[in-house]
$ cat start.txt   # compact mmCIF, C-alpha atoms
# COMPACT_ATOMS: atom_id res chain seq x y z
CA MET A 1 74.64 138.05 -45.21
CA LYS A 2 75.92 137.78 -41.66
CA ARG A 3 74.76 141.25 -40.63
CA GLU A 4 71.16 140.46 -41.62
CA ALA A 5 71.31 137.19 -39.68
CA ILE A 6 72.50 139.00 -36.54
CA LYS A 7 69.78 141.64 -36.86
CA ASP A 8 67.12 138.98 -37.25
CA LEU A 9 68.39 137.21 -34.12
CA LEU A 10 68.46 140.45 -32.11
CA TYR A 11 64.96 141.43 -33.21
CA LYS A 12 63.35 138.18 -32.19
CA ILE A 13 65.04 138.13 -28.79
CA ALA A 14 64.34 141.79 -28.00
CA ASP A 15 60.75 141.69 -29.27
CA ASP A 16 59.95 138.66 -27.10
CA GLN A 17 61.32 140.52 -24.07
CA LEU A 18 59.52 143.78 -24.81
CA ILE A 19 56.15 142.15 -25.38
CA LEU A 20 56.34 139.76 -22.44
CA GLY A 21 57.66 142.64 -20.32
CA HIS A 22 54.53 144.62 -21.11
CA ARG A 23 52.29 141.65 -20.39
CA ASN A 24 54.07 141.23 -17.04
CA SER A 25 53.48 144.89 -16.25
CA GLU A 26 49.74 144.32 -16.62
CA TRP A 27 49.89 142.47 -13.29
CA THR A 28 50.96 145.68 -11.54
CA GLY A 29 48.21 146.47 -9.06
CA LEU A 30 46.38 143.21 -9.80
CA GLY A 31 48.69 140.48 -8.47
CA PRO A 32 46.96 137.87 -6.31
CA ILE A 33 49.24 138.75 -3.37
CA LEU A 34 51.50 141.76 -2.84
CA GLU A 35 54.73 139.77 -3.37
CA GLU A 36 53.48 138.58 -6.76
CA ASP A 37 52.40 142.06 -7.74
CA ILE A 38 55.98 143.14 -6.98
CA ALA A 39 57.52 140.08 -8.66
CA PHE A 40 55.69 140.49 -11.98
CA SER A 41 56.32 144.25 -11.92
CA SER A 42 60.03 143.64 -11.29
CA MET A 43 60.23 141.05 -14.05
CA ALA A 44 58.51 143.54 -16.36
CA GLN A 45 61.19 146.10 -15.55
CA ASP A 46 63.96 143.54 -16.07
CA LYS A 47 62.56 142.33 -19.40
CA ILE A 48 62.07 145.81 -20.80
CA GLY A 49 65.63 146.60 -19.66
CA HIS A 50 66.86 143.48 -21.44
CA SER A 51 65.04 144.46 -24.63
CA LEU A 52 66.67 147.90 -24.41
CA ALA A 53 70.11 146.25 -24.27
CA PHE A 54 69.37 144.24 -27.43
CA TYR A 55 67.66 147.16 -29.25
CA THR A 56 70.80 149.19 -28.47
CA LEU A 57 72.89 146.53 -30.25
CA LEU A 58 70.51 146.85 -33.22
CA HIS A 59 70.95 150.61 -33.16
CA ASP A 60 74.72 150.06 -33.25
CA LEU A 61 74.12 148.06 -36.44
CA GLY A 62 72.35 150.98 -38.08
CA GLU A 63 68.75 150.44 -37.00
CA PRO A 64 66.78 153.39 -35.52
CA GLU A 65 66.92 154.50 -31.86
CA PRO A 66 65.60 151.93 -29.33
CA ASP A 67 62.44 153.96 -28.54
CA ILE A 68 61.63 154.26 -32.23
CA ILE A 69 62.15 150.53 -32.78
CA ALA A 70 60.02 149.69 -29.76
CA PHE A 71 57.12 152.07 -30.35
CA SER A 72 56.87 152.80 -34.06
CA ARG A 73 56.46 149.44 -35.73
CA SER A 74 53.15 147.81 -36.59
CA ALA A 75 52.39 144.22 -35.57
CA SER A 76 53.53 142.69 -38.86
CA ARG A 77 57.05 144.03 -38.28
CA PHE A 78 57.37 142.49 -34.83
CA ARG A 79 59.34 139.24 -34.58
CA ASN A 80 58.17 138.06 -31.17
CA SER A 81 56.65 134.60 -30.82
CA GLN A 82 52.86 134.52 -30.53
CA PHE A 83 53.47 132.87 -27.15
CA THR A 84 54.57 136.18 -25.60
CA GLU A 85 51.68 138.29 -26.92
CA LEU A 86 48.76 136.21 -25.61
CA PRO A 87 46.74 138.03 -22.94
CA ASN A 88 47.70 137.25 -19.34
CA GLY A 89 44.60 135.21 -18.54
CA GLU A 90 44.41 134.21 -14.90
CA PHE A 91 47.42 133.81 -12.63
CA ASP A 92 47.93 130.12 -13.49
CA PHE A 93 48.17 131.02 -17.19
CA SER A 94 50.73 133.78 -16.59
CA LEU A 95 52.69 131.55 -14.26
CA ILE A 96 52.94 128.70 -16.79
CA ARG A 97 54.02 131.12 -19.53
CA HIS A 98 56.60 132.60 -17.17
CA PHE A 99 57.90 129.10 -16.34
CA LEU A 100 58.11 127.99 -19.98
CA TYR A 101 59.59 131.26 -21.23
CA ASP A 102 62.21 131.96 -18.59
CA ASN A 103 63.66 128.47 -18.53
CA ALA A 104 64.25 128.89 -22.29
CA GLU A 105 65.59 132.42 -21.84
CA ALA A 106 68.17 131.27 -19.28
CA ILE A 107 69.50 128.64 -21.73
CA ARG A 108 69.50 131.21 -24.56
CA PHE A 109 71.57 133.69 -22.49
CA GLU A 110 73.97 130.95 -21.36
CA LYS A 111 74.60 129.97 -25.00
CA LEU A 112 74.83 133.56 -26.23
CA SER A 113 77.39 134.39 -23.55
CA THR A 114 79.90 132.43 -25.64
CA SER A 115 78.67 133.78 -29.00
CA SER A 116 81.33 134.57 -31.59
CA TYR A 117 79.64 137.98 -32.01
CA ALA A 118 81.25 139.83 -29.09
CA PRO A 119 78.58 142.52 -28.51
CA ILE A 120 75.90 139.84 -27.99
CA ALA A 121 78.23 137.80 -25.78
CA LYS A 122 78.84 140.81 -23.50
CA VAL A 123 75.15 141.56 -23.03
CA ALA A 124 74.28 137.88 -22.49
CA THR A 125 77.09 137.47 -19.95
CA LYS A 126 75.51 140.23 -17.93
CA LEU A 127 71.90 139.09 -18.32
CA LYS A 128 72.43 135.40 -17.61
CA GLY A 129 72.83 136.28 -13.92
CA GLU A 130 69.66 138.38 -13.81
CA ILE A 131 67.53 135.73 -15.45
CA LYS A 132 68.38 133.22 -12.71
CA TYR A 133 66.02 135.10 -10.40
CA HIS A 134 63.19 134.77 -12.93
CA VAL A 135 63.82 131.03 -13.21
CA LEU A 136 64.05 130.64 -9.45
CA HIS A 137 60.73 132.46 -9.05
CA ALA A 138 58.96 130.43 -11.73
CA ASN A 139 60.29 127.05 -10.63
CA THR A 140 59.51 127.68 -6.96
CA TRP A 141 55.89 128.56 -7.73
CA LEU A 142 55.51 125.64 -10.09
CA ARG A 143 56.83 123.19 -7.49
CA ASN A 144 54.65 124.65 -4.72
CA LEU A 145 51.38 125.10 -6.59
CA GLY A 146 51.88 122.08 -8.86
CA SER A 147 51.71 119.75 -5.88
CA SER A 148 49.15 121.61 -3.77
CA THR A 149 45.36 121.60 -4.12
CA GLU A 150 43.29 119.87 -6.77
CA GLU A 151 42.09 123.21 -8.12
CA ALA A 152 45.65 124.54 -8.46
CA ILE A 153 46.84 121.39 -10.20
CA THR A 154 43.87 121.33 -12.61
CA ARG A 155 44.29 124.99 -13.46
CA LEU A 156 48.03 124.69 -14.06
CA GLN A 157 47.60 121.54 -16.13
CA ASN A 158 44.98 123.22 -18.34
CA SER A 159 47.22 126.22 -18.87
CA LEU A 160 50.18 123.96 -19.61
CA ASN A 161 48.13 122.08 -22.23
CA THR A 162 46.98 125.34 -23.84
CA LEU A 163 50.36 127.05 -23.78
CA MET A 164 52.69 124.23 -24.81
CA PRO A 165 52.05 124.59 -28.60
CA TYR A 166 52.64 128.34 -28.29
CA ALA A 167 55.81 127.76 -26.24
CA LEU A 168 57.12 125.52 -29.03
CA GLY A 169 56.62 128.51 -31.33
CA MET A 170 59.53 130.20 -29.53
CA PHE A 171 61.82 127.78 -31.34
CA GLU A 172 60.61 128.59 -34.85
CA PRO A 173 63.82 128.47 -36.91
CA SER A 174 64.77 131.58 -38.83
CA VAL A 175 65.88 131.65 -42.48
CA HIS A 176 69.35 132.47 -41.16
CA GLU A 177 69.51 129.48 -38.83
CA GLN A 178 72.31 127.59 -40.61
CA GLU A 179 74.42 130.68 -41.03
CA LEU A 180 74.11 131.60 -37.33
CA ILE A 181 75.12 128.07 -36.34
CA ALA A 182 77.99 127.83 -38.82
CA THR A 183 79.47 131.15 -37.71
CA GLY A 184 79.19 130.32 -34.00
CA ILE A 185 76.88 133.24 -33.29
CA TYR A 186 73.95 131.18 -32.01
CA PRO A 187 73.68 127.41 -31.54
CA GLY A 188 70.24 127.27 -33.20
CA GLU A 189 66.69 126.78 -31.95
CA GLU A 190 66.71 122.97 -32.07
CA LYS A 191 69.58 122.83 -29.62
CA ILE A 192 67.99 125.33 -27.24
CA LYS A 193 64.68 123.47 -27.45
CA ALA A 194 66.26 120.10 -26.57
CA GLU A 195 67.96 121.52 -23.46
CA TRP A 196 64.80 123.38 -22.52
CA LEU A 197 62.68 120.22 -22.66
CA THR A 198 65.09 118.42 -20.33
CA LYS A 199 65.08 121.34 -17.94
CA ILE A 200 61.32 121.86 -17.72
CA GLN A 201 60.74 118.11 -17.48
CA GLN A 202 62.98 118.00 -14.40
CA VAL A 203 60.83 120.60 -12.67
CA VAL A 204 57.48 119.22 -13.83
CA ALA A 205 58.54 115.79 -12.54
CA GLN A 206 58.59 117.25 -9.02
CA THR A 207 54.88 118.14 -9.28
CA GLU A 208 51.56 116.43 -9.98
CA LEU A 209 51.59 117.91 -13.47
CA THR A 210 52.27 116.13 -16.75
CA LEU A 211 54.16 117.65 -19.64
CA PRO A 212 52.07 117.21 -22.83
CA ASP A 213 53.56 114.88 -25.42
CA ILE A 214 55.09 117.31 -27.88
CA SER A 215 55.45 114.77 -30.69
CA SER A 216 51.73 115.17 -31.42
CA LEU A 217 51.59 118.93 -30.85
CA PRO A 218 51.81 121.25 -33.84
CA PRO A 219 53.78 124.33 -32.73
CA MET A 220 52.14 127.74 -33.14
CA LEU A 221 54.53 129.28 -35.65
CA GLY A 222 54.49 132.53 -37.59
CA GLY A 223 55.49 135.09 -35.00
CA ARG A 224 59.10 135.19 -36.16
CA ALA A 225 57.84 136.02 -39.67
CA GLY A 226 55.50 138.78 -38.50
CA GLN A 227 52.30 136.74 -38.34
CA HIS A 228 50.55 137.49 -35.10
CA THR A 229 47.35 136.88 -33.20
CA LYS A 230 44.68 139.58 -32.91
CA TYR A 231 46.08 140.40 -29.47
CA LEU A 232 49.35 142.03 -30.52
CA GLN A 233 48.21 145.20 -32.31
CA PRO A 234 45.99 146.45 -29.42
CA LEU A 235 48.95 145.90 -27.06
CA LEU A 236 51.26 147.90 -29.36
CA ASN A 237 48.67 150.69 -29.59
CA GLU A 238 48.56 150.90 -25.82
CA MET A 239 52.37 150.85 -25.51
CA ALA A 240 52.73 153.68 -28.03
CA GLU A 241 49.92 155.85 -26.70
CA VAL A 242 52.18 158.52 -25.17
CA ILE A 243 54.73 158.69 -27.98
CA LYS A 244 51.91 159.01 -30.55
CA ILE A 245 50.35 161.95 -28.71
CA ASP A 246 53.69 163.69 -28.17
CA PRO A 247 56.83 162.20 -29.76
CA THR A 248 59.04 164.55 -27.71
CA ALA A 249 57.49 163.64 -24.36
CA GLU A 250 59.84 162.41 -21.65
CA TRP A 251 58.44 159.85 -19.28
CA MET B 252 91.60 172.57 -15.36
CA THR B 253 93.06 169.11 -15.01
CA LEU B 254 92.68 166.70 -12.15
CA GLU B 255 94.43 163.50 -11.22
CA LYS B 256 92.54 160.24 -11.55
CA GLU B 257 92.54 159.83 -7.77
CA ALA B 258 90.94 163.24 -7.39
CA ILE B 259 88.19 162.28 -9.83
CA LEU B 260 87.56 159.06 -7.91
CA ARG B 261 87.33 161.09 -4.69
CA LEU B 262 84.66 163.25 -6.34
CA LEU B 263 82.78 160.15 -7.46
CA GLU B 264 82.92 158.85 -3.87
CA GLU B 265 80.55 161.72 -3.13
CA VAL B 266 77.97 160.51 -5.67
CA LYS B 267 75.57 158.13 -3.96
CA ASP B 268 73.09 155.52 -5.12
CA PRO B 269 69.80 157.49 -5.21
CA GLU B 270 67.95 154.58 -3.60
CA ILE B 271 70.64 153.73 -1.03
CA PRO B 272 72.02 157.17 -0.07
CA VAL B 273 74.80 155.75 2.13
CA LEU B 274 76.41 153.86 -0.75
CA SER B 275 78.77 155.63 -3.16
CA LEU B 276 78.85 154.66 -6.83
CA VAL B 277 82.52 153.73 -6.42
CA ASP B 278 81.70 151.31 -3.57
CA LEU B 279 78.70 149.99 -5.49
CA GLY B 280 81.17 149.00 -8.23
CA VAL B 281 79.41 150.68 -11.15
CA ILE B 282 82.35 152.95 -11.99
CA THR B 283 84.49 150.64 -14.09
CA ALA B 284 87.18 153.03 -15.33
CA VAL B 285 88.32 156.63 -15.15
CA ASP B 286 90.66 157.84 -17.89
CA ILE B 287 92.22 161.24 -18.35
CA ALA B 288 93.54 161.94 -21.83
CA VAL B 289 96.64 164.07 -22.43
CA ASP B 290 94.39 166.94 -23.49
CA GLY B 291 92.62 166.71 -20.12
CA HIS B 292 89.42 165.08 -21.42
CA VAL B 293 87.94 162.91 -18.67
CA THR B 294 86.17 159.66 -19.55
CA VAL B 295 84.20 157.84 -16.88
CA ASN B 296 82.99 154.35 -17.78
CA MET B 297 79.97 153.03 -15.92
CA THR B 298 78.01 149.79 -16.04
CA PRO B 299 74.48 149.09 -14.76
CA THR B 300 73.84 146.86 -11.74
CA PHE B 301 70.66 145.47 -13.33
CA ALA B 302 70.03 146.22 -17.03
CA GLY B 303 66.50 147.46 -16.30
CA CYS B 304 67.42 149.58 -13.27
CA PRO B 305 65.69 152.97 -13.71
CA ALA B 306 68.17 154.59 -11.27
CA MET B 307 71.08 154.18 -13.69
CA ASP B 308 70.07 157.24 -15.74
CA TYR B 309 70.01 159.30 -12.56
CA MET B 310 73.41 157.97 -11.51
CA LYS B 311 74.87 158.91 -14.88
CA LYS B 312 73.41 162.42 -14.63
CA ASP B 313 74.69 162.75 -11.05
CA VAL B 314 78.20 161.84 -12.20
CA GLU B 315 78.01 164.40 -15.04
CA GLN B 316 76.79 167.10 -12.68
CA MET B 317 79.49 166.33 -10.12
CA LEU B 318 82.21 166.62 -12.79
CA ALA B 319 80.74 169.86 -14.17
CA ARG B 320 80.38 171.35 -10.68
CA HIS B 321 84.09 170.85 -10.10
CA GLY B 322 85.11 172.76 -13.17
CA ILE B 323 85.69 169.82 -15.48
CA SER B 324 84.36 171.02 -18.81
CA HIS B 325 85.51 168.24 -21.13
CA PHE B 326 84.18 164.86 -20.13
CA THR B 327 82.30 161.82 -21.39
CA VAL B 328 80.33 159.46 -19.18
CA ARG B 329 79.74 156.14 -20.94
CA MET B 330 77.39 153.37 -19.88
CA SER B 331 78.31 149.95 -21.27
CA PHE B 332 78.44 146.21 -20.61
CA ASP B 333 82.16 146.02 -21.47
CA ASP B 334 83.08 145.24 -17.89
CA PRO B 335 79.73 143.95 -16.60
CA TRP B 336 78.70 144.43 -13.00
CA ASN B 337 78.42 141.59 -10.55
CA SER B 338 77.85 141.76 -6.82
CA ASN B 339 81.48 140.82 -6.09
CA LYS B 340 82.32 144.33 -7.30
CA LEU B 341 80.80 145.80 -4.12
CA THR B 342 83.69 146.97 -1.94
CA GLU B 343 84.10 146.03 1.74
CA LYS B 344 83.26 149.61 2.61
CA GLY B 345 80.12 149.32 0.49
CA ARG B 346 79.10 146.10 2.23
CA THR B 347 79.46 147.73 5.63
CA ALA B 348 77.41 150.71 4.44
CA LEU B 349 74.64 148.38 3.24
CA LYS B 350 74.56 146.57 6.57
CA ASP B 351 74.41 149.85 8.51
CA PHE B 352 71.53 150.87 6.24
CA GLY B 353 69.67 147.67 7.23
CA LEU B 354 70.20 145.73 4.01
CA ALA B 355 71.93 142.36 3.99
CA PRO B 356 74.96 142.55 1.69
CA PRO B 357 75.26 139.84 -0.99
CA PRO B 358 77.60 136.95 -0.14
CA THR B 359 80.76 136.91 -2.26
CA TYR B 360 81.10 133.86 -4.49
CA ASP B 361 83.59 132.14 -6.77
CA LEU B 362 82.78 132.17 -10.49
CA ILE B 363 79.44 130.36 -10.52
CA LEU B 364 76.32 132.00 -9.14
CA ASP B 365 74.34 128.95 -8.04
CA LEU B 366 71.01 128.54 -6.28
CA ASP B 367 72.57 128.20 -2.82
CA ILE B 368 74.11 131.65 -3.16
CA LEU B 369 70.88 133.18 -4.47
CA GLU B 370 68.94 131.96 -1.45
CA TYR B 371 71.60 132.57 1.22
CA ALA B 372 71.44 135.68 3.38
CA THR B 373 72.67 136.78 6.79
CA CYS B 374 70.10 138.71 8.83
CA PRO B 375 71.29 142.32 9.15
CA ASN B 376 69.48 142.65 12.48
CA CYS B 377 70.70 139.62 14.47
CA GLN B 378 73.43 138.17 12.17
CA SER B 379 71.68 134.77 12.04
CA THR B 380 72.13 132.68 8.88
CA ASN B 381 68.95 130.75 9.68
CA THR B 382 66.99 132.72 7.09
CA THR B 383 64.55 131.91 4.28
CA MET B 384 64.10 133.69 0.97
CA ARG B 385 60.48 134.81 0.70
CA SER B 386 60.69 136.34 -2.76
CA PRO B 387 63.51 136.92 -5.24
CA PHE B 388 61.89 140.28 -6.05
CA GLY B 389 61.71 143.22 -3.67
CA PRO B 390 61.06 146.97 -3.74
CA THR B 391 63.84 147.55 -6.29
CA LEU B 392 65.36 145.21 -8.90
CA CYS B 393 68.51 144.76 -6.80
CA ARG B 394 66.74 143.62 -3.62
CA ALA B 395 65.21 140.31 -2.53
CA LEU B 396 62.90 139.64 0.42
CA HIS B 397 64.03 137.30 3.19
CA PHE B 398 62.70 136.22 6.58
CA CYS B 399 64.88 135.64 9.63
CA ASN B 400 63.83 132.48 11.47
CA ASN B 401 65.81 133.60 14.52
CA CYS B 402 64.57 137.13 15.21
CA HIS B 403 61.35 136.69 13.19
CA GLN B 404 61.83 139.83 11.11
CA MET B 405 61.50 140.36 7.39
CA PHE B 406 64.57 141.93 5.85
CA GLU B 407 65.82 142.91 2.42
CA GLN B 408 69.01 141.72 0.82
CA PHE B 409 71.04 143.37 -1.91
CA LYS B 410 70.93 140.48 -4.39
CA PRO B 411 73.99 138.47 -5.31
CA LEU B 412 74.45 138.60 -9.09

$ encode --input "start.txt" --output "structure tokens"
Amino acid sequence: MKREAIKDLLYKIADDQLILGHRNSEWTGLGPILEEDIAFSSMAQDKIGHSLAFYTLLHDLGEPEPDIIAFSRSASRFRNSQFTELPNGEFDFSLIRHFLYDNAEAIRFEKLSTSSYAPIAKVATKLKGEIKYHVLHANTWLRNLGSSTEEAITRLQNSLNTLMPYALGMFEPSVHEQELIATGIYPGEEKIKAEWLTKIQQVVAQTELTLPDISSLPPMLGGRAGQHTKYLQPLLNEMAEVIKIDPTAEW
Amino acid sequence: MTLEKEAILRLLEEVKDPEIPVLSLVDLGVITAVDIAVDGHVTVNMTPTFAGCPAMDYMKKDVEQMLARHGISHFTVRMSFDDPWNSNKLTEKGRTALKDFGLAPPPTYDLILDLDILEYATCPNCQSTNTTMRSPFGPTLCRALHFCNNCHQMFEQFKPL
């Protein structure tokens, strides 16, 4: 049923944003330089704002209030990719995840801005401008650090090798894939993935880094079906700490 | 009590961006429509600058309080993406206010927001265009950090979007 397909799409998009937004916020106060502290904190704010926009669309379709959706589900009911829930690691790790994620997100928003489901198209039309700043930030750092010192290049390459299978997990097809494509709501993960690969390859080619050969990489799937790493539940517990103590608290 | 649409807009001119107190919400471009029904019910439609902007809730409350303070008892203030914000919605008056406040206003653009526009800024101190973006993220979601190569000062720009 079309409604279920739309809900599934909204959940996976919003959950990715909420979880990565919280991971980004963990850099607040810890960024390697002040500008990066501010950048990751700003991106956290943006991403959580984006998730709110999509959770609001879910609420319009009969799901609970955005705060309830965000803070009351256990890990197995989250539809984010495992990619977004991994701990931040060191700055190179967070930077590579940011680069791989936001280049995909920009393509996703561009495609969704012409979705046949008008409420999604409206939100995506708005957000596709905002995400350009995330992409600009990621690509600039990748170009600069990816062709700088040996240590920077080695660190980034290691993180790229570790994260690539997880990044491919973003494109795990849903059971509603064909229906979403046929109805013009979403062009499907394969299409987004193909454009994403071209895009990230263009940037990586301007550095000393090498994109791993994805034909021999098994993607880390499962997140879209509620299968998560051991890192998600502790993150959710932390996110819901206030609402669990006092559900009526305003903060 | 009923008011004309123009009178409502004049009231909203008095509501300022909490982070840029010289800029009215009307000049910021976040008030997308004001409708007065035959029964006098006032509907104000608003749209966020950035979806994650924490100031939007305050702006909405400020609008509600301003309407209530002026004796309008039946009103609805709606926040939606129906008519989404972009930086071209900033009025000329708003741009001047930003400049006077020390923030570079965003350049206007046609249709496509490309990289050249994102990185372009005119220094609000010396008007030079020989500037470099230092970071796309500044003290608030709507500001970027730039450096002026002419007067050697850092400055903030209200981001084009």

$ residues_around --input "start.txt" --residues "B:Val328" --least-positions-apart "5" --cutoff "7 Å" --atoms "only C-alpha atoms" --output "PDB file with C-alpha atoms, in the coordinates of the input"
ATOM      1  CA  THR B 294      86.170 159.660 -19.550  1.00  0.00           C
ATOM      2  CA  VAL B 295      84.200 157.840 -16.880  1.00  0.00           C
ATOM      3  CA  ASN B 296      82.990 154.350 -17.780  1.00  0.00           C
ATOM      4  CA  LYS B 311      74.870 158.910 -14.880  1.00  0.00           C
ATOM      5  CA  GLU B 315      78.010 164.400 -15.040  1.00  0.00           C
TER       6      GLU B 315
END

$ atom_distance --input "start.txt" --atom1 "atom CA of A:Trp196" --atom2 "atom CA of A:Glu172"
14.0 Å

$ closest_residue --input "start.txt" --among "A:Ile96, A:Ala205, A:Ile243, A:Ile6" --to "A:Glu179" --atoms "all atoms listed in the file"
A:Ile6

$ closest_atom_pairs --input "start.txt" --of "stretch 116-154 of chain A" --to "stretch 330-350 of chain B" --cutoff "10 Å" --atoms "all atoms listed in the file" --output "tab-separated table"
residue	atom	partner	partner_atom	distance
A:Ala118	CA	B:Asp333	CA	9.9
A:Pro119	CA	B:Asp333	CA	8.6
A:Ala121	CA	B:Phe332	CA	9.9
A:Lys122	CA	B:Phe332	CA	6.1
A:Val123	CA	B:Phe332	CA	6.2
A:Ala124	CA	B:Phe332	CA	9.5
A:Thr125	CA	B:Pro335	CA	7.8
A:Lys126	CA	B:Pro335	CA	5.8
A:Leu127	CA	B:Pro335	CA	9.4
A:Gly129	CA	B:Asn337	CA	8.4
A:Glu130	CA	B:Asn337	CA	9.9

$ residues_around --input "start.txt" --residues "B:Gln408" --least-positions-apart "6" --cutoff "12 Å" --atoms "only C-alpha atoms" --output "ChimeraX atom specification"
/B:338,346,349-350,352-358,368-376,382-399

$ interface_residues --input "start.txt" --of "chain A" --to "chain B" --cutoff "12 Å" --atoms "only C-alpha atoms" --output "tab-separated table (two decimals) with C-alpha atoms, in the frame of the given file"
chain	number	residue	atom	x	y	z
A	17	GLN	CA	61.32	140.52	-24.07
A	18	LEU	CA	59.52	143.78	-24.81
A	21	GLY	CA	57.66	142.64	-20.32
A	33	ILE	CA	49.24	138.75	-3.37
A	34	LEU	CA	51.50	141.76	-2.84
A	35	GLU	CA	54.73	139.77	-3.37
A	36	GLU	CA	53.48	138.58	-6.76
A	37	ASP	CA	52.40	142.06	-7.74
A	38	ILE	CA	55.98	143.14	-6.98
A	39	ALA	CA	57.52	140.08	-8.66
A	40	PHE	CA	55.69	140.49	-11.98
A	41	SER	CA	56.32	144.25	-11.92
A	42	SER	CA	60.03	143.64	-11.29
A	43	MET	CA	60.23	141.05	-14.05
A	44	ALA	CA	58.51	143.54	-16.36
A	45	GLN	CA	61.19	146.10	-15.55
A	46	ASP	CA	63.96	143.54	-16.07
A	47	LYS	CA	62.56	142.33	-19.40
A	48	ILE	CA	62.07	145.81	-20.80
A	49	GLY	CA	65.63	146.60	-19.66
A	50	HIS	CA	66.86	143.48	-21.44
A	51	SER	CA	65.04	144.46	-24.63
A	52	LEU	CA	66.67	147.90	-24.41
A	53	ALA	CA	70.11	146.25	-24.27
A	54	PHE	CA	69.37	144.24	-27.43
A	56	THR	CA	70.80	149.19	-28.47
A	57	LEU	CA	72.89	146.53	-30.25
A	118	ALA	CA	81.25	139.83	-29.09
A	119	PRO	CA	78.58	142.52	-28.51
A	120	ILE	CA	75.90	139.84	-27.99
A	121	ALA	CA	78.23	137.80	-25.78
A	122	LYS	CA	78.84	140.81	-23.50
A	123	VAL	CA	75.15	141.56	-23.03
A	124	ALA	CA	74.28	137.88	-22.49
A	125	THR	CA	77.09	137.47	-19.95
A	126	LYS	CA	75.51	140.23	-17.93
A	127	LEU	CA	71.90	139.09	-18.32
A	128	LYS	CA	72.43	135.40	-17.61
A	129	GLY	CA	72.83	136.28	-13.92
A	130	GLU	CA	69.66	138.38	-13.81
A	131	ILE	CA	67.53	135.73	-15.45
A	132	LYS	CA	68.38	133.22	-12.71
A	133	TYR	CA	66.02	135.10	-10.40
A	134	HIS	CA	63.19	134.77	-12.93
A	135	VAL	CA	63.82	131.03	-13.21
A	136	LEU	CA	64.05	130.64	-9.45
A	137	HIS	CA	60.73	132.46	-9.05
A	138	ALA	CA	58.96	130.43	-11.73
A	139	ASN	CA	60.29	127.05	-10.63
A	140	THR	CA	59.51	127.68	-6.96
A	141	TRP	CA	55.89	128.56	-7.73
A	251	TRP	CA	58.44	159.85	-19.28

$ closest_residue --input "start.txt" --among "A:Arg108, A:Ser116, A:Leu160, A:Asp67" --to "A:Lys191" --atoms "all atoms listed in the file"
A:Arg108

$ atom_distance --input "start.txt" --atom1 "atom CA of B:Met297" --atom2 "atom CA of B:Thr327"
10.6 Å

$ residues_around --input "start.txt" --residues "stretch 181-187 of chain A" --least-positions-apart "6" --cutoff "7 Å" --atoms "all atoms listed in the file" --output "list in words"
Leu112, Ser115, Ser116 and Tyr117 of chain A

$ closest_residue --input "start.txt" --among "A:Ser159, A:Asn237, A:Thr229, A:Ser25" --to "A:Phe99" --atoms "all atoms listed in the file"
A:Ser159

$ residues_around --input "start.txt" --residues "A:Arg224" --least-positions-apart "6" --cutoff "12 Å" --atoms "only C-alpha atoms" --output "ChimeraX atom specification"
/A:8-16,75-84,169-176

$ atom_distance --input "start.txt" --atom1 "atom CA of A:Ser148" --atom2 "atom CA of A:Leu163"
20.8 Å
